[in-house]
$ cat model06.txt   # compact mmCIF, C-alpha atoms and all ligand atoms
# COMPACT_ATOMS: atom_id res chain seq x y z
CA MET A 25 12.73 -46.87 -12.73
CA LYS A 26 14.52 -44.78 -15.37
CA PHE A 27 18.28 -44.30 -15.46
CA GLY A 28 19.91 -41.54 -17.51
CA GLY A 29 23.22 -41.50 -19.37
CA THR A 30 25.61 -40.66 -16.52
CA SER A 31 23.95 -43.30 -14.37
CA VAL A 32 24.83 -46.03 -16.90
CA ALA A 33 28.14 -44.52 -18.11
CA ASP A 34 30.15 -47.76 -17.70
CA THR A 35 29.72 -51.33 -16.49
CA ASP A 36 30.46 -50.36 -12.87
CA ARG A 37 27.70 -47.79 -12.95
CA ILE A 38 25.40 -50.34 -14.61
CA ARG A 39 26.10 -52.69 -11.72
CA ASN A 40 25.20 -49.89 -9.34
CA VAL A 41 21.93 -49.48 -11.26
CA ALA A 42 21.30 -53.23 -11.04
CA LEU A 43 21.67 -52.99 -7.25
CA HIS A 44 19.03 -50.23 -7.15
CA VAL A 45 16.75 -52.52 -9.14
CA LYS A 46 17.54 -55.48 -6.89
CA ARG A 47 16.58 -53.48 -3.82
CA GLU A 48 13.13 -52.80 -5.26
CA VAL A 49 12.68 -56.38 -6.46
CA ASP A 50 13.69 -57.72 -3.04
CA ALA A 51 11.12 -55.39 -1.48
CA GLY A 52 8.45 -57.21 -3.51
CA HIS A 53 7.91 -54.63 -6.24
CA GLU A 54 7.26 -55.43 -9.87
CA VAL A 55 9.73 -53.38 -11.85
CA ALA A 56 10.11 -52.05 -15.37
CA VAL A 57 13.39 -50.26 -16.02
CA VAL A 58 14.01 -47.75 -18.80
CA VAL A 59 17.61 -46.97 -19.72
CA SER A 60 19.38 -44.24 -21.69
CA ALA A 61 22.49 -44.72 -23.77
CA MET A 62 25.82 -44.62 -21.91
CA ALA A 63 26.96 -41.01 -21.30
CA GLY A 64 28.27 -39.46 -24.51
CA ALA A 65 27.12 -42.38 -26.69
CA THR A 66 24.24 -40.54 -28.36
CA ASN A 67 26.43 -37.51 -29.07
CA GLN A 68 28.97 -39.80 -30.71
CA LEU A 69 26.28 -41.42 -32.86
CA VAL A 70 24.95 -38.01 -33.92
CA ASP A 71 28.50 -36.88 -34.78
CA TRP A 72 28.97 -39.95 -36.96
CA CYS A 73 25.76 -39.19 -38.86
CA GLU A 74 27.01 -35.67 -39.50
CA ALA A 75 30.47 -36.83 -40.52
CA ALA A 76 28.99 -39.32 -42.99
CA LEU A 77 27.40 -36.48 -44.92
CA LYS A 78 29.53 -34.62 -47.46
CA GLU A 79 27.38 -33.45 -50.35
CA ARG A 80 23.95 -32.90 -48.83
CA ARG A 81 22.96 -30.49 -46.09
CA ILE A 82 20.56 -32.71 -44.18
CA PHE A 83 20.35 -36.45 -43.72
CA ASP A 84 17.43 -38.81 -44.09
CA ALA A 85 15.87 -38.74 -40.63
CA ARG A 86 14.92 -42.42 -40.91
CA GLU A 87 18.57 -43.38 -41.16
CA TYR A 88 19.56 -40.94 -38.43
CA ASP A 89 17.09 -42.79 -36.19
CA ALA A 90 18.47 -46.17 -37.25
CA VAL A 91 21.87 -45.00 -36.02
CA VAL A 92 21.08 -43.03 -32.85
CA ALA A 93 18.62 -45.61 -31.45
CA THR A 94 21.45 -48.13 -31.05
CA GLY A 95 22.91 -46.48 -27.93
CA GLU A 96 19.98 -47.58 -25.81
CA GLN A 97 20.04 -51.13 -27.18
CA VAL A 98 23.52 -51.63 -25.73
CA THR A 99 22.60 -50.45 -22.23
CA ALA A 100 19.38 -52.47 -22.10
CA GLY A 101 21.28 -55.66 -22.93
CA LEU A 102 24.09 -54.87 -20.50
CA LEU A 103 21.70 -54.17 -17.64
CA ALA A 104 19.78 -57.41 -18.32
CA ILE A 105 23.09 -59.33 -18.25
CA THR A 106 24.08 -57.64 -14.99
CA LEU A 107 20.70 -58.34 -13.36
CA GLN A 108 20.91 -61.98 -14.38
CA ASP A 109 24.40 -62.02 -12.87
CA LEU A 110 22.72 -61.01 -9.60
CA ASP A 111 20.22 -63.89 -10.01
CA ILE A 112 17.39 -61.62 -10.99
CA ASN A 113 15.14 -62.71 -13.79
CA ALA A 114 15.42 -59.99 -16.45
CA ARG A 115 14.74 -59.48 -20.13
CA SER A 116 15.64 -56.58 -22.44
CA TRP A 117 13.13 -54.98 -24.81
CA GLN A 118 13.70 -52.73 -27.80
CA GLY A 119 11.07 -50.23 -28.86
CA TRP A 120 10.00 -52.42 -31.80
CA GLN A 121 9.68 -55.49 -29.62
CA LEU A 122 7.21 -54.23 -27.03
CA PRO A 123 6.19 -52.41 -29.28
CA ILE A 124 6.24 -48.70 -28.49
CA LEU A 125 4.24 -47.35 -31.42
CA THR A 126 5.00 -43.80 -32.50
CA SER A 127 4.19 -41.19 -35.10
CA ASN A 128 6.21 -40.85 -38.26
CA ALA A 129 8.09 -37.72 -37.12
CA HIS A 130 11.55 -39.26 -37.21
CA ALA A 131 14.01 -37.75 -34.71
CA SER A 132 11.15 -36.24 -32.70
CA ALA A 133 8.45 -38.89 -32.83
CA ARG A 134 5.47 -38.94 -30.49
CA ILE A 135 4.44 -42.06 -28.64
CA LEU A 136 0.97 -43.17 -29.74
CA GLU A 137 0.44 -46.48 -28.04
CA ILE A 138 2.18 -48.99 -25.79
CA ASN A 139 0.81 -52.38 -24.96
CA GLY A 140 1.80 -53.14 -21.38
CA ALA A 141 -0.04 -56.49 -21.18
CA GLU A 142 2.95 -58.67 -22.00
CA LEU A 143 5.10 -56.95 -19.36
CA ILE A 144 2.41 -57.29 -16.71
CA GLN A 145 1.94 -60.97 -17.53
CA ARG A 146 5.67 -61.58 -17.19
CA PHE A 147 5.74 -59.77 -13.83
CA LYS A 148 3.02 -62.10 -12.58
CA GLU A 149 4.15 -65.38 -14.11
CA ARG A 150 7.95 -65.15 -14.01
CA HIS A 151 8.74 -62.25 -11.65
CA GLU A 152 10.67 -60.94 -14.60
CA VAL A 153 12.16 -57.44 -14.63
CA ALA A 154 11.62 -55.67 -17.95
CA VAL A 155 14.62 -53.65 -19.14
CA ILE A 156 13.45 -51.31 -21.87
CA SER A 157 15.51 -49.18 -24.24
CA GLY A 158 14.46 -45.58 -23.81
CA PHE A 159 14.38 -42.91 -26.52
CA GLN A 160 13.15 -45.27 -29.26
CA GLY A 161 9.98 -46.64 -30.76
CA VAL A 162 8.66 -47.90 -34.03
CA HIS A 163 6.48 -46.13 -36.56
CA LYS A 164 2.99 -47.51 -36.50
CA GLU A 165 2.69 -48.05 -40.27
CA THR A 166 6.16 -48.37 -41.78
CA GLY A 167 7.61 -50.41 -38.93
CA ARG A 168 10.76 -48.28 -39.04
CA ILE A 169 12.67 -47.39 -35.89
CA THR A 170 11.99 -43.89 -34.57
CA THR A 171 13.50 -41.78 -31.80
CA LEU A 172 11.76 -39.33 -29.51
CA GLY A 173 14.11 -36.32 -29.56
CA ARG A 174 17.08 -35.63 -27.29
CA GLY A 175 16.38 -36.49 -23.68
CA GLY A 176 13.54 -38.73 -24.86
CA SER A 177 14.16 -41.59 -22.42
CA ASP A 178 12.30 -39.58 -19.79
CA THR A 179 9.28 -39.70 -22.08
CA SER A 180 9.67 -43.43 -22.67
CA ALA A 181 9.68 -43.94 -18.91
CA VAL A 182 6.58 -41.90 -18.18
CA ALA A 183 4.70 -43.46 -21.11
CA ILE A 184 5.54 -46.97 -19.94
CA ALA A 185 4.59 -46.09 -16.37
CA ALA A 186 1.20 -44.97 -17.69
CA ALA A 187 0.82 -48.09 -19.86
CA ILE A 188 1.47 -50.52 -17.01
CA ARG A 189 -0.36 -48.29 -14.52
CA ALA A 190 2.71 -48.06 -12.30
CA ASP A 191 2.36 -46.66 -8.80
CA ARG A 192 5.31 -44.38 -9.44
CA CYS A 193 7.80 -43.40 -12.10
CA ASP A 194 11.23 -42.86 -10.54
CA ILE A 195 13.64 -40.85 -12.67
CA TYR A 196 17.15 -41.62 -11.43
CA THR A 197 19.69 -39.06 -12.59
CA ASP A 198 22.95 -37.34 -11.62
CA VAL A 199 21.27 -34.82 -9.30
CA ASP A 200 19.06 -35.71 -6.36
CA GLY A 201 15.99 -33.89 -7.59
CA VAL A 202 14.66 -30.81 -9.30
CA TYR A 203 16.32 -27.65 -8.05
CA THR A 204 15.24 -24.01 -8.04
CA THR A 205 17.68 -23.60 -10.93
CA ASP A 206 20.50 -25.64 -12.48
CA PRO A 207 22.66 -26.55 -9.45
CA ARG A 208 25.71 -26.74 -11.71
CA VAL A 209 25.41 -23.04 -12.41
CA VAL A 210 24.08 -21.80 -9.09
CA PRO A 211 25.62 -23.73 -6.20
CA ARG A 212 23.11 -22.07 -3.86
CA ALA A 213 20.15 -23.61 -5.69
CA ARG A 214 17.79 -25.53 -3.43
CA ARG A 215 16.15 -28.88 -4.03
CA LEU A 216 12.37 -28.71 -4.24
CA ASP A 217 10.40 -31.37 -2.37
CA LYS A 218 7.51 -30.98 -4.77
CA ILE A 219 6.86 -29.14 -7.99
CA ALA A 220 3.57 -28.85 -9.87
CA PHE A 221 3.32 -30.38 -13.36
CA GLU A 222 2.63 -26.97 -14.87
CA GLU A 223 5.71 -25.41 -13.30
CA MET A 224 7.90 -28.33 -14.33
CA LEU A 225 6.52 -28.04 -17.85
CA GLU A 226 7.60 -24.38 -17.99
CA LEU A 227 11.01 -25.08 -16.40
CA ALA A 228 11.67 -27.88 -18.88
CA SER A 229 10.48 -26.03 -21.95
CA LEU A 230 12.42 -22.90 -20.98
CA GLY A 231 15.77 -24.63 -20.66
CA ALA A 232 16.09 -26.90 -17.59
CA LYS A 233 17.08 -30.19 -19.14
CA VAL A 234 16.48 -32.35 -16.08
CA MET A 235 13.23 -33.69 -17.65
CA GLN A 236 12.24 -33.77 -21.30
CA VAL A 237 9.20 -31.53 -21.88
CA ARG A 238 7.02 -34.25 -23.38
CA SER A 239 7.59 -36.52 -20.41
CA VAL A 240 6.08 -33.90 -18.12
CA GLU A 241 3.19 -33.36 -20.53
CA LEU A 242 2.47 -37.09 -20.52
CA GLY A 243 2.75 -37.26 -16.75
CA MET A 244 0.22 -34.47 -16.43
CA VAL A 245 -2.26 -36.03 -18.87
CA HIS A 246 -2.04 -39.55 -17.43
CA ASN A 247 -1.53 -38.45 -13.85
CA VAL A 248 1.72 -40.37 -13.35
CA ARG A 249 3.52 -39.56 -10.11
CA ILE A 250 7.05 -38.71 -11.21
CA PHE A 251 9.80 -38.77 -8.63
CA VAL A 252 13.23 -37.36 -9.57
CA ARG A 253 16.11 -38.78 -7.50
CA SER A 254 19.80 -39.62 -7.58
CA SER A 255 21.29 -42.88 -8.84
CA PHE A 256 24.49 -42.03 -6.96
CA ASP A 257 22.96 -42.62 -3.55
CA PRO A 258 24.38 -45.99 -2.43
CA PRO A 259 21.72 -48.59 -3.37
CA GLY A 260 22.07 -50.52 -0.12
CA SER A 261 21.54 -47.54 2.18
CA ILE A 262 18.04 -46.77 0.90
CA ASP A 263 14.89 -48.02 2.59
CA PRO A 264 12.65 -49.17 -0.28
CA HIS A 265 9.58 -48.34 1.81
CA GLY A 266 10.82 -44.96 3.04
CA THR A 267 10.95 -41.54 1.39
CA PRO A 268 14.35 -40.93 -0.18
CA PRO A 269 15.62 -37.44 -1.05
CA GLY A 270 14.14 -36.28 -4.32
CA THR A 271 11.45 -34.20 -5.94
CA LEU A 272 7.88 -35.27 -6.59
CA ILE A 273 6.28 -33.80 -9.70
CA CYS A 274 2.60 -33.73 -8.90
CA ASP A 275 -0.71 -31.86 -9.10
CA GLU A 276 -0.63 -28.34 -7.74
CA GLU A 277 -3.33 -29.26 -5.18
CA GLU A 278 -0.80 -31.51 -3.46
CA ILE A 279 1.51 -28.60 -2.73
CA VAL A 280 0.58 -26.94 0.51
CA GLU A 281 3.19 -24.20 0.78
CA GLN A 282 3.05 -22.47 -2.57
CA GLN A 283 5.87 -19.98 -3.22
CA VAL A 284 5.42 -17.02 -5.55
CA VAL A 285 8.50 -18.01 -7.53
CA THR A 286 9.41 -21.69 -7.75
CA GLY A 287 12.34 -21.73 -10.13
CA ILE A 288 14.47 -20.06 -12.76
CA ALA A 289 15.35 -21.53 -16.14
CA PHE A 290 17.71 -20.20 -18.75
CA SER A 291 18.69 -20.98 -22.28
CA ARG A 292 21.66 -19.80 -24.30
CA ASP A 293 20.35 -21.44 -27.47
CA GLU A 294 18.41 -18.38 -28.59
CA ALA A 295 18.80 -15.94 -31.44
CA GLN A 296 17.17 -12.57 -31.98
CA ILE A 297 15.95 -11.20 -35.29
CA SER A 298 14.70 -7.65 -35.81
CA VAL A 299 12.80 -6.72 -38.94
CA ARG A 300 13.34 -2.98 -39.39
CA GLU A 301 10.83 -0.53 -40.78
CA VAL A 302 8.01 -2.85 -41.72
CA GLN A 303 4.69 -1.35 -42.80
CA ASP A 304 2.43 -0.84 -39.79
CA LYS A 305 -0.67 -2.34 -41.38
CA PRO A 306 -2.88 -5.44 -41.19
CA GLY A 307 -1.32 -8.62 -42.58
CA VAL A 308 2.33 -7.81 -41.92
CA ALA A 309 2.73 -10.16 -38.96
CA ALA A 310 1.10 -12.90 -41.04
CA ALA A 311 3.51 -12.21 -43.91
CA ILE A 312 6.48 -12.58 -41.54
CA PHE A 313 5.43 -15.48 -39.33
CA GLY A 314 3.54 -17.49 -41.95
CA PRO A 315 6.66 -18.44 -43.95
CA LEU A 316 8.60 -19.13 -40.72
CA ALA A 317 5.88 -21.49 -39.54
CA GLU A 318 5.86 -23.23 -42.90
CA ALA A 319 9.59 -23.79 -42.47
CA SER A 320 8.81 -25.37 -39.05
CA ILE A 321 10.72 -22.65 -37.23
CA ASN A 322 9.54 -22.12 -33.69
CA VAL A 323 9.18 -18.41 -33.00
CA ASP A 324 9.18 -17.52 -29.33
CA MET A 325 9.29 -13.98 -27.93
CA ILE A 326 7.67 -11.40 -30.19
CA VAL A 327 7.91 -7.65 -29.61
CA GLN A 328 6.35 -5.07 -31.88
CA ASN A 329 6.33 -1.37 -31.35
CA VAL A 330 3.51 1.05 -32.16
CA SER A 331 4.78 3.36 -34.86
CA PRO A 332 4.76 7.07 -34.04
CA ASP A 333 3.46 8.09 -37.46
CA GLY A 334 1.33 5.04 -38.25
CA LYS A 335 3.61 4.13 -41.15
CA THR A 336 6.48 1.85 -40.26
CA THR A 337 7.63 0.02 -37.15
CA ASP A 338 10.21 -2.56 -35.97
CA LEU A 339 9.34 -6.14 -35.15
CA THR A 340 11.67 -8.26 -33.00
CA PHE A 341 11.40 -11.94 -32.17
CA THR A 342 13.50 -14.93 -31.11
CA VAL A 343 14.10 -18.31 -32.74
CA PRO A 344 16.26 -21.29 -31.68
CA ALA A 345 19.91 -20.43 -32.40
CA ALA A 346 20.13 -23.51 -34.60
CA ASP A 347 17.46 -22.02 -36.89
CA TYR A 348 18.94 -18.52 -37.04
CA GLN A 349 20.45 -18.60 -40.52
CA ARG A 350 17.51 -20.51 -41.95
CA SER A 351 15.11 -17.92 -40.50
CA ARG A 352 17.05 -15.10 -42.13
CA ASP A 353 17.01 -16.97 -45.44
CA VAL A 354 13.23 -17.44 -45.19
CA LEU A 355 12.71 -13.73 -44.46
CA GLU A 356 15.03 -12.62 -47.27
CA LYS A 357 13.02 -14.77 -49.64
CA ALA A 358 9.74 -13.28 -48.44
CA ARG A 359 11.08 -9.73 -48.48
CA GLY A 360 8.94 -8.69 -51.42
CA ALA A 361 5.75 -9.85 -49.74
CA ILE A 362 6.64 -8.41 -46.31
CA GLY A 363 8.31 -5.13 -47.26
CA TYR A 364 10.99 -4.00 -44.81
CA ALA A 365 14.16 -1.88 -44.80
CA ARG A 366 16.61 -4.40 -43.33
CA LEU A 367 17.15 -7.38 -41.02
CA ASP A 368 19.23 -7.16 -37.84
CA GLY A 369 20.11 -10.13 -35.72
CA ALA A 370 22.11 -11.46 -32.78
CA THR A 371 23.02 -14.93 -31.61
CA ASP A 372 24.81 -13.90 -28.41
CA VAL A 373 21.55 -13.67 -26.48
CA ALA A 374 20.12 -15.70 -23.62
CA LYS A 375 16.63 -16.12 -22.27
CA ILE A 376 16.11 -16.10 -18.51
CA SER A 377 12.71 -17.26 -17.27
CA VAL A 378 11.17 -16.93 -13.83
CA ILE A 379 8.45 -19.45 -13.05
CA GLY A 380 5.88 -19.83 -10.30
CA ILE A 381 2.20 -20.64 -9.96
CA GLY A 382 2.03 -17.98 -7.23
CA MET A 383 2.45 -15.31 -9.91
CA ARG A 384 -1.20 -15.82 -10.83
CA SER A 385 -2.21 -13.99 -7.68
CA HIS A 386 0.75 -11.64 -7.10
CA ALA A 387 1.34 -8.38 -8.93
CA GLY A 388 4.70 -6.74 -9.46
CA VAL A 389 6.83 -9.88 -9.51
CA ALA A 390 8.44 -9.01 -12.85
CA ALA A 391 8.92 -5.35 -11.92
CA GLN A 392 11.24 -6.43 -9.10
CA ALA A 393 13.39 -8.28 -11.62
CA PHE A 394 13.68 -5.26 -13.91
CA ARG A 395 14.95 -3.16 -11.02
CA ALA A 396 17.45 -5.78 -9.83
CA LEU A 397 18.89 -6.30 -13.32
CA ALA A 398 19.11 -2.56 -13.92
CA ASP A 399 21.11 -2.23 -10.71
CA ARG A 400 23.61 -4.67 -12.23
CA ALA A 401 23.63 -2.74 -15.52
CA ILE A 402 22.13 -5.70 -17.38
CA ASN A 403 20.16 -4.54 -20.39
CA ILE A 404 16.87 -6.29 -21.23
CA ARG A 405 16.32 -6.71 -24.97
CA ALA A 406 12.83 -8.22 -24.88
CA ILE A 407 10.24 -9.35 -22.36
CA THR A 408 7.35 -11.80 -22.50
CA THR A 409 4.94 -12.78 -19.78
CA SER A 410 2.28 -15.40 -19.24
CA GLU A 411 0.17 -16.47 -16.30
CA ILE A 412 2.86 -18.32 -14.39
CA LYS A 413 6.12 -17.09 -15.87
CA PHE A 414 8.00 -14.22 -17.45
CA SER A 415 11.04 -14.37 -19.71
CA LEU A 416 13.75 -11.80 -20.35
CA LEU A 417 16.15 -11.70 -23.25
CA ILE A 418 19.64 -10.45 -22.35
CA ASP A 419 23.22 -10.65 -23.62
CA THR A 420 24.68 -14.14 -23.15
CA ALA A 421 27.67 -12.80 -21.24
CA PHE A 422 25.35 -11.83 -18.35
CA THR A 423 23.51 -15.17 -18.08
CA GLU A 424 25.03 -16.39 -14.84
CA LEU A 425 24.98 -13.00 -13.17
CA ALA A 426 21.33 -12.54 -14.08
CA VAL A 427 20.30 -16.00 -12.90
CA ARG A 428 22.13 -15.59 -9.59
CA THR A 429 20.73 -12.11 -9.07
CA LEU A 430 17.14 -13.25 -9.63
CA HIS A 431 17.67 -16.42 -7.62
CA ALA A 432 18.67 -14.32 -4.61
CA LEU A 433 16.00 -11.68 -5.28
CA TYR A 434 13.14 -14.17 -5.02
CA GLY A 435 14.51 -15.80 -1.87
CA LEU A 436 15.49 -19.05 -3.57
CA ASP A 437 19.10 -19.20 -2.29
CA LYS A 438 19.68 -21.83 0.32
CA PRO A 439 20.69 -20.34 3.64
CA THR A 440 24.44 -20.03 4.24
CA PRO A 441 25.49 -22.78 6.66
P1 LIG B 501 20.08 -37.81 -17.47
O1 LIG B 501 21.26 -38.20 -18.28
O2 LIG B 501 19.97 -38.57 -16.19
O3 LIG B 501 18.80 -37.81 -18.25
P2 LIG B 501 20.30 -34.95 -17.77
O4 LIG B 501 21.70 -34.50 -17.99
O5 LIG B 501 19.41 -35.06 -18.95
O6 LIG B 501 20.36 -36.33 -16.98
O7 LIG B 501 19.58 -34.01 -16.69
C1 LIG B 501 20.18 -33.78 -15.45
C2 LIG B 501 20.90 -32.44 -15.45
O8 LIG B 501 19.96 -31.38 -15.59
C3 LIG B 501 21.62 -32.11 -14.15
O9 LIG B 501 22.91 -32.63 -14.14
C4 LIG B 501 21.58 -30.58 -14.10
O10 LIG B 501 22.83 -30.02 -14.44
C5 LIG B 501 20.57 -30.20 -15.15
N1 LIG B 501 19.55 -29.28 -14.66
C6 LIG B 501 19.17 -28.13 -15.28
N2 LIG B 501 18.25 -27.48 -14.57
C7 LIG B 501 18.03 -28.23 -13.45
C8 LIG B 501 17.17 -28.07 -12.32
N3 LIG B 501 16.35 -27.02 -12.20
N4 LIG B 501 17.19 -29.03 -11.37
C9 LIG B 501 18.00 -30.09 -11.49
N5 LIG B 501 18.85 -30.29 -12.54
C10 LIG B 501 18.86 -29.37 -13.51
N1 LIG B 502 20.22 -40.99 -25.18
C1 LIG B 502 19.29 -39.99 -25.60
C2 LIG B 502 19.94 -38.61 -25.55
O1 LIG B 502 21.09 -38.49 -25.16
C3 LIG B 502 18.02 -40.02 -24.81
C4 LIG B 502 18.15 -39.78 -23.33
O2 LIG B 502 19.23 -39.90 -22.76
O3 LIG B 502 17.14 -39.48 -22.70
O4 LIG B 502 19.33 -37.66 -25.92
MG MG B 503 18.01 -36.41 -19.67

$ encode --input "model06.txt" --output "structure tokens" --more "lines below"
Ligand code: ADP
Ligand code: ASP
Ligand code: MG
Amino acid sequence: MKFGGTSVADTDRIRNVALHVKREVDAGHEVAVVVSAMAGATNQLVDWCEAALKERRIFDAREYDAVVATGEQVTAGLLAITLQDLDINARSWQGWQLPILTSNAHASARILEINGAELIQRFKERHEVAVISGFQGVHKETGRITTLGRGGSDTSAVAIAAAIRADRCDIYTDVDGVYTTDPRVVPRARRLDKIAFEEMLELASLGAKVMQVRSVELGMVHNVRIFVRSSFDPPGSIDPHGTPPGTLICDEEEIVEQQVVTGIAFSRDEAQISVREVQDKPGVAAAIFGPLAEASINVDMIVQNVSPDGKTTDLTFTVPAADYQRSRDVLEKARGAIGYARLDGATDVAKISVIGIGMRSHAGVAAQAFRALADRAINIRAITTSEIKFSLLIDTAFTELAVRTLHALYGLDKPTP
């Protein structure tokens, strides 16, 4: 059972969580719980790190981790106290105590190994609930505390579920499942009963923050059944042996009624860079994207035109908005090696992505979107496609209109009551 930030926002909510846990324990289940920091706590910790810095531009990621990992320690202890208050045997665990061994990539570490034996033994011998701090681990060699990147408690939960070979990994959050798009933006979004790992992976990596991308990746590799559900459903009203409302993330074979389009994701954290009048010759793309890769900048959509005269052309691509200035700096520095007339850029752009396994076998899905957006006078700046998704870059101001238009176009709106 994993509970996110809003679900543990204060001690009343933590008690509510404890009652969800109690229900499962009373039903005879052996339970490991993973908790996030209380809502807003991680943001506060990140702000403090930034405020502490005056002279340098970036902080030591090891110390950043030492600070931001503390949010989860508080909730794990508080939930253990609350469970004990309900006469449930419970013990809290920090990442370094289990241990959850990770790579050295501070602030975005990868889980390498978790030993679940101790937890399993305690289930058997003491009927003890394990309450584990999400988001954190410990570097395999240095022993220093690491964190898994924002939203990383989802990944902790799926990794622990795999390590203890859990029957299920329930992700309790502030919505009752995975929707066709963010229900906060599109009230007519529908909850999906099931979604395939691959589709969830695309949704998550293209902007839907309901699950961290790596958690879905892990679930897919280790075949963990992930069930997304609400922590706000009253704990007592739920039958622990029944099927509560929620979304199962599973293998595509398990989904009988496959839609062409399953969901729409969007991200406003994009920036566009156009390199004008570059030489149209071998090696130019390498000269541009090589230095960006060396600077660990993730380039996403890439559009290059064929030059009319075989001499120069324009090359446009997107980077995370946070890396916009750095990307420009890198390209300015490499200007001599690349050879271009000028750089243009925009940060007021958004990426809208349409996802569905059914696209593999249906033609013309994207063409419908182009028509619908044109009818609303929304200009498309760039397009990319892959087997089960396509993404469109548009002006940020049109994000909601575009998402709602496409949501209706592909029949995802829930029927009007
Ligand atoms: P938690 O704190 O429990 O980890 P998050 O805030 O990380 O919760 O994720 C839940 C939020 O994800 C929801 O409140 C919702 O606004 C957002 N979200 C974005 N896209 C979707 C989607 N397709 N389905 C459900 N929720 C979504
Ligand atoms: N507390 C961390 C964050 O806010 C991890 C998580 O909630 O999943 O990013
Ligand atoms: Mg989250």

$ closest_residue --input "model06.txt" --among "A:Val327, A:Val302, A:Ile418, A:Asp293" --to "Ala345 (chain A)" --atoms "only C-alpha atoms"
A:Asp293

$ axis_aligned_box --input "model06.txt" --around "region 50-53 of chain A" --padding-each-side "3 Å" --output "AutoDock Vina command-line options"
--center_x 10.8 --center_y -56.2 --center_z -3.9 --size_x 11.8 --size_y 9.1 --size_z 10.8

$ atom_distance --input "model06.txt" --atom1 "CA of Gly231 (chain A)" --atom2 "CA of Asp84 (chain A)"
27.4 Å

$ residues_near_ligand --input "model06.txt" --ligand "ligand LIG 502 (chain B)" --cutoff "7 Å" --atoms "all atoms listed in the file" --output "PyMOL selection string"
chain A and resi 28-29+60-61+66-67+95-96+158-159+173-178

$ atom_distance --input "model06.txt" --atom1 "CA of Ala33 (chain A)" --atom2 "CA of Arg253 (chain A)"
17.0 Å

$ residues_near_ligand --input "model06.txt" --ligand "ligand LIG 501 (chain B)" --cutoff "9 Å" --atoms "all atoms listed in the file" --output "PyMOL selection string"
chain A and resi 26-32+60-63+174-178+195-209+213-216+224+227-228+231-236+252+254-255+287-290

$ residues_near_point --input "model06.txt" --point "(24.3, -13.5, -16.4)" --cutoff "12 Å" --atoms "only C-alpha atoms" --output "count of residues only"
31

$ closest_residue --input "model06.txt" --among "A:Ile219, A:Ala42, A:Cys193, A:Glu301" --to "Arg249 (chain A)" --atoms "only C-alpha atoms"
A:Cys193
